[in-house]
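For reference, the structure is listed below as structure tokens.
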Amino acid sequence: MTDVAQHEGTGISVRGLTKTFGTLRAVDDLTFDIRPGRVTGFLGPNGAGKTTTLRMLLGLVRPTAGEALIGGHRYADLPRPLNVVGSALEATGFHPGRSGRDHLRVLAATHGIPDSRVDQLLELVGIPAAARKRAGAYSMGMRQRLGLAAGLLGDPGVLLLDEPANGLDPEGIRWMRGFLRHLAAEEGRTIVVSSHLLAEVEQTVDDVIIIANGRLVRQGTIEELHGEQTVLVRTADAAALAAALERAGLTAQPSPEHGPGALQVEGADGDLARVGDVALAAGQPVHELRALRTDLERMFLELTESPEHRNRNLQETT
Amino acid sequence: MTGLIRSELRKAFTTRIGWGMPLAQFLLAALFVGIAGAFMLFVAVPGPTGGEGAPMGNSLEPTVLARTLYTGGMQVGYLLSLVLGILSMGSEYRHKTLTATFLSAPRRGRVIAAKVVALTIVVVVNGLAHLAGALVTGGALLLAADKAVFPEAGDLLGVLARMLLVFVLWGLMGLGLGVLIPNQVAALFVGVAFAFLIEPLLGVFIGMVDALADVARFFPSQASMAALSLYEGMDSATVEQAGGNPDQLTWWVAALVLLGYAAMMTVVGWVLTQRRDVG
């Protein structure tokens, strides 16, 4: 028996969400759902509108059109919001002269959360020693941890984290990943992690939402995004093996960047044995045979940098 | 709502300014009352006919003398209260803590209401420190000059209580100003420059034009002095000699005028806070 709190699933739905700042459509008719109890990566290049979307979801920024609901409610209508949604937003500040512990106590007071819970969280995120020091002296990593502690104050079922790995050292990033996995898997929370780097969250997320220039580009599970896996095979006579593979109903393309005699095989869905068997039957020696990992980061760049999604912030002014 | 007020009070008393400001109030009140008292009680002013002359305090009624002395630091007191009000909201913009504040309390009207209550408590605490400083030096000087230290206690207590009220109302003006000008440094500059220089000078200039002299009585600084009945019991010549307008508003009318300013600025702060995006 464990006494870990299981959170009943709370989903998020975003419908036609739009925000314009002057002539800039920061968020443009965005519609998506975030499924309860899963970790969702909210991805896009810098300036894509991720933070603005999260801020609209949290009632900090007023949408120009559309709505964003958490468990069917607007954030501002939640009677005790910290018990439903926790968040750690990038631009959240701390008064440099106030200690981390007092920062949390200020927020805790609004929900009648006791100091014991504050101390428990400082322990959990690993900064109990710094808790009584002025936050102005905190490193970036300590600020991220303090922000995370603030998000967890009310033991919420939904957690929104804006670029949580920013400014963390490799050890901190590893800690953050493990911590998120723990929160999601063992406690059943709905977690949304925004990032401009797919690789950063790839190992942590179940679902992915990709936006560029304020518009939805792609939405699905991480498996769907990976797509079909291709196989790399290297042999002496690439042309002969390619012909044999074609006869077996597979498509093979020369892939010189993987070395001489390399072929990329599609249609086998990552089944190495099937490709090896074809090679043996054709009498071709196999010098190398492995599944080729889809380079998600490259795909992410292709998705977000395709002509219609090219980053408006980088475009030359005409 | 009590949770929100407790949260605001924790904000106010968990930074250095939470304790530094009352200390400043105590010391500055002591200093200003000390200077004014030393001048009024021990420096002989030549009379209109010339000759030896006597300290100004000698010609004042004991009640008027004590009232004038104990409120001698009033200007710096309401100025610091204005600063406290500006910081209440300005610091949230400056240090970007407004995000965390609105995440824990998304109904922004309630946040402003909690700030009004908490600021009132904070300004009263600061005002009590101010009174302590004023009473210590003022009392010591009156004692040294062999004058009555606390004549007509009821009347004097009323004036001191009204000084606290004036401080609170200036604090609320600062709260609105802190929202109106989200750049805290700019808000402090504008607030202090206005209250310390522009408004009093404008009052003096307007006061010289007979047709407009009545308008200046409604200015915050002159209304503040009137709310304490500062010139009551002094003869017009003495008041004019001190650069004041002897034709003051009645204290409660003056207090209502200040309440009007405070309410107006609070409403401005409330409306802007409701509408503004926090990014």
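Letters A, B, ... go to the chains of the structure tokens in the order shown; residues in each chain start at 1; ligands are counted from 1 in the same order.
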
Write out as a Markdown table the residues of chain B that have any atom within 9 Å of an atom of chain A, one row each with the nearest atom pair and its distance in Å to one decimal, counting only C-alpha atoms, sorted by chain and then rising number.
```
| residue | atom | partner | partner_atom | distance |
| --- | --- | --- | --- | --- |
| B:Met1 | CA | A:Thr110 | CA | 8.0 |
| B:Thr2 | CA | A:Thr110 | CA | 8.1 |
| B:Gly3 | CA | A:Thr110 | CA | 4.5 |
| B:Leu4 | CA | A:Thr110 | CA | 4.8 |
| B:Ile5 | CA | A:Thr110 | CA | 8.0 |
| B:Arg6 | CA | A:Ala109 | CA | 6.1 |
| B:Ser7 | CA | A:Val106 | CA | 4.8 |
| B:Glu8 | CA | A:Val106 | CA | 7.2 |
| B:Leu9 | CA | A:Val106 | CA | 8.4 |
| B:Arg10 | CA | A:Val106 | CA | 5.7 |
| B:Lys11 | CA | A:Val106 | CA | 6.2 |
| B:Thr14 | CA | A:Arg98 | CA | 5.9 |
| B:Thr15 | CA | A:Arg98 | CA | 5.3 |
| B:Arg16 | CA | A:Gly97 | CA | 7.0 |
| B:Ser91 | CA | A:His95 | CA | 7.9 |
| B:Glu92 | CA | A:His95 | CA | 8.1 |
| B:Arg94 | CA | A:His95 | CA | 8.7 |
| B:His95 | CA | A:Gly93 | CA | 5.5 |
| B:Lys96 | CA | A:Gly93 | CA | 4.5 |
| B:Thr97 | CA | A:Gly93 | CA | 4.9 |
| B:Leu98 | CA | A:Thr92 | CA | 8.0 |
| B:Thr99 | CA | A:Thr92 | CA | 5.9 |
| B:Ala100 | CA | A:Thr92 | CA | 6.5 |
| B:Thr101 | CA | A:Leu107 | CA | 7.1 |
| B:Phe102 | CA | A:Leu60 | CA | 7.1 |
| B:Leu103 | CA | A:Leu58 | CA | 7.0 |
| B:Ser104 | CA | A:Leu82 | CA | 6.1 |
| B:Ala105 | CA | A:Thr110 | CA | 7.1 |
| B:Pro106 | CA | A:Ala76 | CA | 5.0 |
| B:Arg107 | CA | A:Ala76 | CA | 6.1 |
| B:Arg275 | CA | A:Arg62 | CA | 8.1 |
| B:Arg276 | CA | A:Val61 | CA | 7.8 |
| B:Asp277 | CA | A:Val61 | CA | 4.5 |
| B:Val278 | CA | A:Leu60 | CA | 5.2 |
| B:Gly279 | CA | A:Val61 | CA | 7.0 |
```

Taking the DSSP assignment computed from this structure's backbone, write out as a PDB file with C-alpha atoms, in the first residue's frame all residues of stretch 73-307 of chain A that belong to alpha helix (DSSP H).
```pdb
ATOM      1  CA  GLY A 100      12.503  31.228  -1.283  1.00  0.00           C
ATOM      2  CA  ARG A 101      10.619  29.913   1.713  1.00  0.00           C
ATOM      3  CA  ASP A 102       8.828  33.217   2.239  1.00  0.00           C
ATOM      4  CA  HIS A 103       7.990  33.376  -1.473  1.00  0.00           C
ATOM      5  CA  LEU A 104       6.181  30.068  -1.100  1.00  0.00           C
ATOM      6  CA  ARG A 105       4.578  31.155   2.198  1.00  0.00           C
ATOM      7  CA  VAL A 106       3.145  34.236   0.449  1.00  0.00           C
ATOM      8  CA  LEU A 107       1.460  31.992  -2.131  1.00  0.00           C
ATOM      9  CA  ALA A 108       0.500  29.351   0.447  1.00  0.00           C
ATOM     10  CA  ALA A 109      -1.415  31.945   2.487  1.00  0.00           C
ATOM     11  CA  THR A 110      -3.912  32.469  -0.347  1.00  0.00           C
ATOM     12  CA  ASP A 115       4.143  26.081   6.431  1.00  0.00           C
ATOM     13  CA  SER A 116       4.808  22.360   6.901  1.00  0.00           C
ATOM     14  CA  ARG A 117       3.760  21.763   3.279  1.00  0.00           C
ATOM     15  CA  VAL A 118       6.106  24.576   2.183  1.00  0.00           C
ATOM     16  CA  ASP A 119       9.039  22.948   3.978  1.00  0.00           C
ATOM     17  CA  GLN A 120       8.108  19.529   2.582  1.00  0.00           C
ATOM     18  CA  LEU A 121       8.237  20.906  -0.981  1.00  0.00           C
ATOM     19  CA  LEU A 122      11.542  22.700  -0.455  1.00  0.00           C
ATOM     20  CA  GLU A 123      12.883  19.321   0.623  1.00  0.00           C
ATOM     21  CA  LEU A 124      11.290  17.570  -2.378  1.00  0.00           C
ATOM     22  CA  MET A 140      19.078  29.703 -12.420  1.00  0.00           C
ATOM     23  CA  GLY A 141      18.736  26.054 -11.426  1.00  0.00           C
ATOM     24  CA  MET A 142      17.589  26.950  -7.926  1.00  0.00           C
ATOM     25  CA  ARG A 143      15.039  29.376  -9.363  1.00  0.00           C
ATOM     26  CA  GLN A 144      13.664  26.613 -11.598  1.00  0.00           C
ATOM     27  CA  ARG A 145      13.365  24.325  -8.583  1.00  0.00           C
ATOM     28  CA  LEU A 146      11.693  27.031  -6.523  1.00  0.00           C
ATOM     29  CA  GLY A 147       9.268  27.669  -9.391  1.00  0.00           C
ATOM     30  CA  LEU A 148       8.478  23.974  -9.520  1.00  0.00           C
ATOM     31  CA  ALA A 149       7.878  23.913  -5.762  1.00  0.00           C
ATOM     32  CA  ALA A 150       5.461  26.839  -6.189  1.00  0.00           C
ATOM     33  CA  GLY A 151       3.604  24.885  -8.870  1.00  0.00           C
ATOM     34  CA  LEU A 152       3.231  21.879  -6.591  1.00  0.00           C
ATOM     35  CA  PRO A 170      23.136  18.395 -17.210  1.00  0.00           C
ATOM     36  CA  GLU A 171      22.717  17.053 -13.681  1.00  0.00           C
ATOM     37  CA  GLY A 172      19.747  19.381 -13.184  1.00  0.00           C
ATOM     38  CA  ILE A 173      18.181  18.298 -16.475  1.00  0.00           C
ATOM     39  CA  ARG A 174      18.508  14.645 -15.487  1.00  0.00           C
ATOM     40  CA  TRP A 175      16.948  15.419 -12.126  1.00  0.00           C
ATOM     41  CA  MET A 176      14.085  17.319 -13.797  1.00  0.00           C
ATOM     42  CA  ARG A 177      13.354  14.429 -16.194  1.00  0.00           C
ATOM     43  CA  GLY A 178      13.261  11.897 -13.403  1.00  0.00           C
ATOM     44  CA  PHE A 179      11.101  14.175 -11.304  1.00  0.00           C
ATOM     45  CA  LEU A 180       8.577  14.705 -14.110  1.00  0.00           C
ATOM     46  CA  ARG A 181       8.420  10.980 -14.832  1.00  0.00           C
ATOM     47  CA  HIS A 182       7.761  10.364 -11.146  1.00  0.00           C
ATOM     48  CA  LEU A 183       4.992  12.980 -11.044  1.00  0.00           C
ATOM     49  CA  ALA A 184       3.354  11.593 -14.161  1.00  0.00           C
ATOM     50  CA  ALA A 185       3.719   7.847 -13.736  1.00  0.00           C
ATOM     51  CA  LEU A 198      12.263  18.490 -29.016  1.00  0.00           C
ATOM     52  CA  ALA A 199      15.261  16.415 -27.897  1.00  0.00           C
ATOM     53  CA  GLU A 200      14.937  17.893 -24.436  1.00  0.00           C
ATOM     54  CA  VAL A 201      11.509  16.381 -23.814  1.00  0.00           C
ATOM     55  CA  GLU A 202      11.536  13.482 -26.290  1.00  0.00           C
ATOM     56  CA  ILE A 222       5.302  10.550 -29.883  1.00  0.00           C
ATOM     57  CA  GLU A 223       5.064   7.163 -31.699  1.00  0.00           C
ATOM     58  CA  GLU A 224       2.981   8.693 -34.454  1.00  0.00           C
ATOM     59  CA  LEU A 225       5.560  11.402 -34.812  1.00  0.00           C
ATOM     60  CA  HIS A 226       8.368   8.878 -35.041  1.00  0.00           C
ATOM     61  CA  ALA A 238      24.546  -2.078 -53.190  1.00  0.00           C
ATOM     62  CA  ALA A 239      22.877  -2.175 -56.609  1.00  0.00           C
ATOM     63  CA  ALA A 240      22.456  -5.971 -56.494  1.00  0.00           C
ATOM     64  CA  LEU A 241      21.032  -5.926 -52.972  1.00  0.00           C
ATOM     65  CA  ALA A 242      18.725  -3.044 -53.872  1.00  0.00           C
ATOM     66  CA  ALA A 243      17.331  -5.077 -56.739  1.00  0.00           C
ATOM     67  CA  ALA A 244      16.800  -8.086 -54.453  1.00  0.00           C
ATOM     68  CA  LEU A 245      15.022  -5.916 -51.868  1.00  0.00           C
ATOM     69  CA  GLU A 246      12.790  -4.403 -54.555  1.00  0.00           C
ATOM     70  CA  ARG A 247      11.833  -7.908 -55.627  1.00  0.00           C
ATOM     71  CA  LEU A 272      15.898  -6.285 -39.325  1.00  0.00           C
ATOM     72  CA  ALA A 273      15.475 -10.054 -39.753  1.00  0.00           C
ATOM     73  CA  ARG A 274      13.408  -9.616 -42.902  1.00  0.00           C
ATOM     74  CA  VAL A 275      16.094  -7.452 -44.556  1.00  0.00           C
ATOM     75  CA  GLY A 276      18.854  -9.836 -43.443  1.00  0.00           C
ATOM     76  CA  ASP A 277      16.968 -12.827 -44.853  1.00  0.00           C
ATOM     77  CA  VAL A 278      16.587 -11.106 -48.228  1.00  0.00           C
ATOM     78  CA  ALA A 279      20.326 -10.383 -48.296  1.00  0.00           C
ATOM     79  CA  LEU A 280      21.206 -13.969 -47.458  1.00  0.00           C
ATOM     80  CA  ALA A 281      18.852 -15.305 -50.107  1.00  0.00           C
ATOM     81  CA  LEU A 296      12.933  13.754 -34.570  1.00  0.00           C
ATOM     82  CA  GLU A 297      14.879  16.927 -34.092  1.00  0.00           C
ATOM     83  CA  ARG A 298      15.380  17.225 -37.848  1.00  0.00           C
ATOM     84  CA  MET A 299      11.739  16.456 -38.461  1.00  0.00           C
ATOM     85  CA  PHE A 300      10.806  19.079 -35.896  1.00  0.00           C
ATOM     86  CA  LEU A 301      12.918  21.624 -37.737  1.00  0.00           C
ATOM     87  CA  GLU A 302      11.427  20.606 -41.078  1.00  0.00           C
ATOM     88  CA  LEU A 303       7.923  20.937 -39.676  1.00  0.00           C
ATOM     89  CA  THR A 304       8.496  24.299 -38.117  1.00  0.00           C
ATOM     90  CA  GLU A 305      10.730  25.761 -40.810  1.00  0.00           C
TER      91      GLU A 305
END
```

If you count only C-alpha atoms, which residues fall within 9 Å of B:Met89, apart from same-chain ones fewer than 4 positions away, as a PDB file with C-alpha atoms, in the first residue's frame?
```pdb
ATOM      1  CA  GLY B  85       1.481  52.397  -1.662  1.00  0.00           C
ATOM      2  CA  TYR B  93       5.583  44.646 -11.706  1.00  0.00           C
ATOM      3  CA  ARG B  94       9.273  45.267 -11.135  1.00  0.00           C
ATOM      4  CA  LEU B  98       2.395  39.562 -10.347  1.00  0.00           C
ATOM      5  CA  LYS B 115      -3.996  45.049  -1.080  1.00  0.00           C
ATOM      6  CA  GLY B 174       0.254  55.502  -4.118  1.00  0.00           C
ATOM      7  CA  LEU B 175      -1.390  52.118  -4.742  1.00  0.00           C
ATOM      8  CA  GLY B 176      -3.313  53.552  -7.703  1.00  0.00           C
ATOM      9  CA  LEU B 177      -0.239  55.356  -8.980  1.00  0.00           C
ATOM     10  CA  GLY B 178       1.752  52.105  -8.790  1.00  0.00           C
ATOM     11  CA  VAL B 179      -0.771  50.495 -11.143  1.00  0.00           C
ATOM     12  CA  PRO B 182       3.899  50.038 -13.837  1.00  0.00           C
ATOM     13  CA  GLN B 184       8.199  51.310 -10.285  1.00  0.00           C
TER      14      GLN B 184
END
```

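The two atoms in question, atom CA of A:Leu159 and atom CA of A:Arg189, are spaced 7.2 Å apart.
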
Next on the checklist: If we count only C-alpha atoms and set the cut-off at 12 Å, which residues sit around B:Leu201, ignoring sequence neighbours fewer than 6 positions away in its own chain? Please answer as number ranges by chain.
Outcome noted: B: 193-195, 207-208, 216, 219, 221-222, 243

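Between atom CA of B:Met40 and atom CA of B:Leu60 the separation is 9.8 Å.
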
Could you list, as a PDB file with N, CA, C and O atoms, in the first residue's frame, every residue within 9 Å of A:Phe42, counting only C-alpha atoms and ignoring same-chain residues fewer than 2 positions away?
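Okay, around_3.pdb is ready:
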```
ATOM      1  N   THR A  40       2.420  15.776 -21.970  1.00  0.00           N
ATOM      2  CA  THR A  40       2.343  16.343 -23.309  1.00  0.00           C
ATOM      3  C   THR A  40       3.450  17.363 -23.517  1.00  0.00           C
ATOM      4  O   THR A  40       3.645  18.242 -22.674  1.00  0.00           O
ATOM      5  N   GLY A  44       7.646  24.187 -30.044  1.00  0.00           N
ATOM      6  CA  GLY A  44       7.686  25.187 -31.095  1.00  0.00           C
ATOM      7  C   GLY A  44       8.942  26.018 -30.925  1.00  0.00           C
ATOM      8  O   GLY A  44       9.499  26.062 -29.836  1.00  0.00           O
ATOM      9  N   LYS A  50       4.086  29.815 -27.579  1.00  0.00           N
ATOM     10  CA  LYS A  50       3.865  28.834 -26.502  1.00  0.00           C
ATOM     11  C   LYS A  50       3.529  29.517 -25.184  1.00  0.00           C
ATOM     12  O   LYS A  50       2.543  29.176 -24.529  1.00  0.00           O
ATOM     13  N   ASP A 162       6.743  25.713 -18.195  1.00  0.00           N
ATOM     14  CA  ASP A 162       7.224  26.457 -19.356  1.00  0.00           C
ATOM     15  C   ASP A 162       8.743  26.376 -19.396  1.00  0.00           C
ATOM     16  O   ASP A 162       9.418  26.948 -18.535  1.00  0.00           O
ATOM     17  N   VAL A 192       2.010  19.200 -18.786  1.00  0.00           N
ATOM     18  CA  VAL A 192       2.323  19.856 -20.052  1.00  0.00           C
ATOM     19  C   VAL A 192       3.689  20.512 -19.903  1.00  0.00           C
ATOM     20  O   VAL A 192       3.911  21.279 -18.975  1.00  0.00           O
ATOM     21  N   VAL A 193       4.603  20.152 -20.793  1.00  0.00           N
ATOM     22  CA  VAL A 193       5.944  20.715 -20.752  1.00  0.00           C
ATOM     23  C   VAL A 193       6.188  21.445 -22.054  1.00  0.00           C
ATOM     24  O   VAL A 193       6.134  20.849 -23.124  1.00  0.00           O
ATOM     25  N   SER A 194       6.457  22.743 -21.984  1.00  0.00           N
ATOM     26  CA  SER A 194       6.763  23.453 -23.224  1.00  0.00           C
ATOM     27  C   SER A 194       8.266  23.485 -23.419  1.00  0.00           C
ATOM     28  O   SER A 194       9.023  23.474 -22.462  1.00  0.00           O
ATOM     29  N   SER A 195       8.660  23.482 -24.683  1.00  0.00           N
ATOM     30  CA  SER A 195      10.091  23.528 -24.971  1.00  0.00           C
ATOM     31  C   SER A 195      10.302  23.944 -26.418  1.00  0.00           C
ATOM     32  O   SER A 195       9.456  23.708 -27.264  1.00  0.00           O
ATOM     33  N   HIS A 196      11.448  24.577 -26.685  1.00  0.00           N
ATOM     34  CA  HIS A 196      11.791  24.872 -28.074  1.00  0.00           C
ATOM     35  C   HIS A 196      12.731  23.808 -28.605  1.00  0.00           C
ATOM     36  O   HIS A 196      13.131  23.833 -29.754  1.00  0.00           O
ATOM     37  N   ASP A 207       2.661  12.554 -25.546  1.00  0.00           N
ATOM     38  CA  ASP A 207       2.005  13.229 -26.663  1.00  0.00           C
ATOM     39  C   ASP A 207       2.778  14.497 -27.029  1.00  0.00           C
ATOM     40  O   ASP A 207       3.512  15.041 -26.214  1.00  0.00           O
ATOM     41  N   VAL A 208       2.561  14.940 -28.249  1.00  0.00           N
ATOM     42  CA  VAL A 208       3.267  16.119 -28.721  1.00  0.00           C
ATOM     43  C   VAL A 208       2.292  17.060 -29.418  1.00  0.00           C
ATOM     44  O   VAL A 208       1.435  16.619 -30.185  1.00  0.00           O
ATOM     45  N   ILE A 209       2.424  18.343 -29.102  1.00  0.00           N
ATOM     46  CA  ILE A 209       1.710  19.374 -29.858  1.00  0.00           C
ATOM     47  C   ILE A 209       2.781  20.334 -30.364  1.00  0.00           C
ATOM     48  O   ILE A 209       3.561  20.849 -29.570  1.00  0.00           O
ATOM     49  N   ILE A 210       2.829  20.521 -31.671  1.00  0.00           N
ATOM     50  CA  ILE A 210       3.851  21.405 -32.234  1.00  0.00           C
ATOM     51  C   ILE A 210       3.178  22.624 -32.836  1.00  0.00           C
ATOM     52  O   ILE A 210       2.229  22.493 -33.618  1.00  0.00           O
ATOM     53  N   ILE A 211       3.637  23.796 -32.466  1.00  0.00           N
ATOM     54  CA  ILE A 211       3.104  25.016 -33.070  1.00  0.00           C
ATOM     55  C   ILE A 211       4.256  25.825 -33.666  1.00  0.00           C
ATOM     56  O   ILE A 211       5.412  25.666 -33.268  1.00  0.00           O
TER      57      ILE A 211
END
```

Next on the checklist: I want to know what sits within 7 Å of stretch 75-80 of chain B, based on only C-alpha atoms, with residues of the same chain fewer than 4 positions away left out; could you give that as JSON, numbers by chain?
Outcome noted: {"B": [25, 84, 130, 167, 170, 192]}

Write the selection just made, keeping N, CA and C atoms, as a PDB file, in the first residue's frame?
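What landed in selection-v2.pdb:
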```
ATOM      1  N   GLN B  25      10.577  55.923   9.293  1.00  0.00           N
ATOM      2  CA  GLN B  25       9.500  56.796   9.756  1.00  0.00           C
ATOM      3  C   GLN B  25       9.809  57.335  11.153  1.00  0.00           C
ATOM      4  N   LEU B  84       5.050  53.629   0.143  1.00  0.00           N
ATOM      5  CA  LEU B  84       4.582  52.286   0.510  1.00  0.00           C
ATOM      6  C   LEU B  84       3.474  51.824  -0.430  1.00  0.00           C
ATOM      7  N   HIS B 130       6.004  56.481  13.187  1.00  0.00           N
ATOM      8  CA  HIS B 130       6.184  57.919  12.972  1.00  0.00           C
ATOM      9  C   HIS B 130       5.755  58.698  14.225  1.00  0.00           C
ATOM     10  N   PHE B 167      -2.200  59.535   6.385  1.00  0.00           N
ATOM     11  CA  PHE B 167      -1.154  58.637   5.862  1.00  0.00           C
ATOM     12  C   PHE B 167      -1.781  57.504   5.049  1.00  0.00           C
ATOM     13  N   TRP B 170      -2.952  58.711   1.677  1.00  0.00           N
ATOM     14  CA  TRP B 170      -1.823  58.900   0.758  1.00  0.00           C
ATOM     15  C   TRP B 170      -1.293  57.543   0.274  1.00  0.00           C
ATOM     16  N   VAL B 192       6.870  61.189  -5.910  1.00  0.00           N
ATOM     17  CA  VAL B 192       7.583  62.029  -4.955  1.00  0.00           C
ATOM     18  C   VAL B 192       7.754  63.442  -5.507  1.00  0.00           C
TER      19      VAL B 192
END
```

Item to check | One-decimal distance in Å that lies between atom CA of B:Met74 and atom CA of B:Leu156 | outcome: 14.5 Å

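Of the residues listed (B:Leu212, B:Leu135, B:Ile86, B:Leu165), B:Ile86 shows the shortest atom-to-atom separation from B:Phe189; distances use only C-alpha atoms.
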
Checklist entry - Where does DSSP see strand (DSSP E) in stretch 28-99 of chain B, if you list the residues as an MDAnalysis selection string? => result chainID B and resid 44:45 54:55

Residues within 8 Å of B:Val43, only C-alpha atoms, excluding chain neighbours under 3 positions, as a short mmCIF file (atom, residue, chain, number, x, y, z; two decimals) with C-alpha atoms, in the first residue's frame:
```
data_model
loop_
_atom_site.label_atom_id
_atom_site.label_comp_id
_atom_site.auth_asym_id
_atom_site.auth_seq_id
_atom_site.Cartn_x
_atom_site.Cartn_y
_atom_site.Cartn_z
CA ALA B 38 14.21 73.54 18.39
CA PHE B 39 13.40 76.46 16.11
CA MET B 40 9.98 77.19 17.59
CA ALA B 54 11.03 85.80 21.61
CA PRO B 55 10.72 82.22 20.30
CA MET B 56 7.65 81.74 18.14
#
```
